[in-house]
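Asker: One structure, as structure tokens, below. Some questions next.
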Amino acid sequence: KTSLSRSGNDSPLAPLDALKEKLQKSVVVTQRVRATSSEDEIDRVDNVVEFTPLDTLGDVLPENLPLGDLFRNVPLNPLGVTNGKVVLIHKAEVESVMPVLRTKIAWTSSVVNVAGKSQPFSPEGSDLLGLNNLLGEFLATGTFDTLYVDDDVRVTRTSGPLFERLRVFVRADSTILEDEDGILESLAAELRVEEKMEVERSAAGRVEKEVGTAVDT
């Protein structure tokens with residue numbers, strides 16, 4: 001959890017923390033896990049990065065910045081963009097359910113959608129660009145394990161060719177973040193238990209395999 005500044009914080013890093021908080025609030029990442037076939041099996045995962053542009057420099061400048069008032073009205077959004085989305089579309093396949101729910105994904109295409117108030121854009125938003133990744137199923141592949149899931153929260157560990165990342169997703173209509181600090185502490189405790197159980201299962205599997213090998217010999 002990123003530590004954000006609070007009012008009255010005189011730390012030298014407070015302006016940077018405030019800027020980081022504003023930028024974080026302007027970007028929302030949503031993951032849609034879908035079953036598009038008649039067999040009702042997961043076969044598609046969309047990662048949607050949605051952003052709301054900042055209109056003026058005043059939206060990012062700290063309130064107490066010296067001479068900041070001279071630049072607060074400098075426009076950052078001359079085209080009047082009100083919302084933008086980048087949708088990363090992945091082909092998906094469930095590889096295992098037990099002992100861990102593991103899903104293989106391959107990035108196959110991307111779509112850019114923009115809404116705005118100026119002439120080139122539609123107020124409701126329209127697709128401006130679409131790109132197909134012809135080699136996605138061979139080069140842009142990875143997996144994600146679902147470590148924890150309930151009615152409000154889903155925690156995944158994503159593994160790819162370049163990185164491994166832990167992600168926490170919260171249902172859009174959930175009220176769980178009203179007690180954000182308490183929820184995160186509880187979730188962290190549950191994750192530690194899950195990690196411990198996963199290590200124990202992995203160790204038990206290795207022992208069983210070694211015993212089987214010894215018996216065979």
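All residue names refer to the structure tokens as shown: chains lettered A, B, ... in order, residues numbered from 1 in each chain, ligands numbered from 1 in order.
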Need to verify the contact set: Ser174 (chain A), 9 Å, only C-alpha atoms, exclusion of same-chain residues closer than 4 positions in sequence. Can you return it as a ChimeraX atom specification?
Answerer: /A:151-153,170
Asker: Quick check, in Å to one decimal: how far apart do CA of Lys22 (chain A) and CA of Val45 (chain A) lie?
Answerer: 28.1 Å
Asker: Tell me which protein, DNA and RNA residues are within 7 Å of Val111 (chain A), counting only C-alpha atoms, leaving out same-chain ones fewer than 6 positions away, and put them as a list of chain:residue names.
Answerer: A:Val86, A:Val87, A:Leu88, A:Asp127, A:Leu129, A:Gly130, A:Leu131
Asker: If you run DSSP over the backbone, which residues in region 16-99 of chain A end up helix (DSSP H, G or I)? Put them as a list in words.
Answerer: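 Secondary structure check on region 16-99 of chain A, helix (DSSP H, G or I): Leu16, Asp17, Ala18, Leu19, Lys20, Glu21, Lys22, Leu23, Gln24, Lys25, Leu57, Gly58, Asp59, Gly68, Asp69 and Leu70 of chain A.
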Asker: Neighbouring residues of Phe51 (chain A) were defined as those with any atom within 6 Å, considering only C-alpha atoms; residues of the same chain fewer than 3 positions away were excluded. Please report them as a list of chain:residue names.
Answerer: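 That gives A:Ser26, A:Val27, A:Asn83, A:Gly84.
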Asker: Please produce a file of the residues just selected, as a PDB file, in the first residue's frame, where the atoms kept are C-alpha atoms.
Answerer:
```pdb
ATOM      1  CA  SER A  26      -7.037   9.598 -12.485  1.00  0.00           C
ATOM      2  CA  VAL A  27      -6.254   6.009 -13.539  1.00  0.00           C
ATOM      3  CA  ASN A  83     -12.144   9.857 -20.749  1.00  0.00           C
ATOM      4  CA  GLY A  84      -9.853   7.332 -22.392  1.00  0.00           C
TER       5      GLY A  84
END
```
Asker: With only C-alpha atoms as the counted atoms, please give the residues lying no more than 7 Å from Leu76 (chain A), apart from itself and same-chain residues fewer than 6 positions off, as a compact mmCIF listing (two decimals) with N, CA, C and O atoms, in the first residue's frame.
Answerer:
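Done, and the output landed in result-v3.txt:
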```
# COMPACT_ATOMS: atom_id res chain seq x y z
N LEU A 54 -6.15 15.23 -16.69
CA LEU A 54 -6.15 16.43 -15.87
C LEU A 54 -6.27 17.64 -16.80
O LEU A 54 -5.64 17.70 -17.85
N ASP A 55 -7.09 18.61 -16.43
CA ASP A 55 -7.40 19.72 -17.33
C ASP A 55 -6.36 20.84 -17.32
O ASP A 55 -6.03 21.40 -18.37
N THR A 56 -5.87 21.19 -16.14
CA THR A 56 -4.92 22.30 -16.05
C THR A 56 -3.74 21.90 -15.17
O THR A 56 -3.80 20.92 -14.42
N LEU A 57 -2.69 22.70 -15.24
CA LEU A 57 -1.52 22.45 -14.41
C LEU A 57 -1.86 22.59 -12.94
O LEU A 57 -1.21 21.99 -12.08
```
Asker: Given the choices A:Val48, A:Val155, A:Leu61, A:Val33, which gets closest to Lys91 (chain A) if the distance is worked out from only C-alpha atoms?
Answerer: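 For Lys91 (chain A), the nearest of the candidates is A:Val33.
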Asker: Would you kindly return, as a list in words, each protein, DNA or RNA residue with an atom no farther than 7 Å from any atom of Gly80 (chain A), considering only C-alpha atoms and excluding same-chain residues fewer than 6 positions away?
Answerer: Gly116, Lys117 and Ser118 of chain A
Asker: Would you pick out the contacts of Val97 (chain A) at 10 Å or less, using only C-alpha atoms, so that residues sharing its chain but fewer than 6 positions from it are not included, and give the list as a ChimeraX atom specification?
Answerer: /A:103,145-146
Asker: Determine the nearest neighbour of Asp150 (chain A) from the options A:Leu135, A:Asn47, A:Arg165, A:Arg171, counting only C-alpha atoms.
Answerer: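 The closest residue to Asp150 (chain A) is A:Arg171.
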Asker: Have a look at CA of Pro78 (chain A) and CA of Gln119 (chain A) and let me know their distance in Å, one decimal.
Answerer: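 It comes out at 11.9 Å.
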Asker: Which one is closest to Pro120 (chain A): A:Val81, A:Val149, A:Ala140, A:Ile89? Count only C-alpha atoms.
Answerer: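 For Pro120 (chain A), the nearest of the given residues is A:Val81.
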Asker: Using DSSP on the backbone coordinates, identify the residues of region 26-186 of chain A assigned to strand (DSSP E); present them as a ChimeraX atom specification.
Answerer: /A:27-34,44-51,81-96,101-116,126-132,141-149,153-159,164-170
Asker: Under the rule that only C-alpha atoms are counted, which of A:Val100, A:Leu166, A:Leu147, A:Val94 is the nearest residue to Arg44 (chain A)?
Answerer: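 Between A:Val100, A:Leu166, A:Leu147, A:Val94, the residue approaching Arg44 (chain A) most closely is A:Val94.
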Asker: Could you tell me how far CA of Asn132 (chain A) sits from CA of Ser110 (chain A), in Å to one decimal place?
Answerer: 6.6 Å
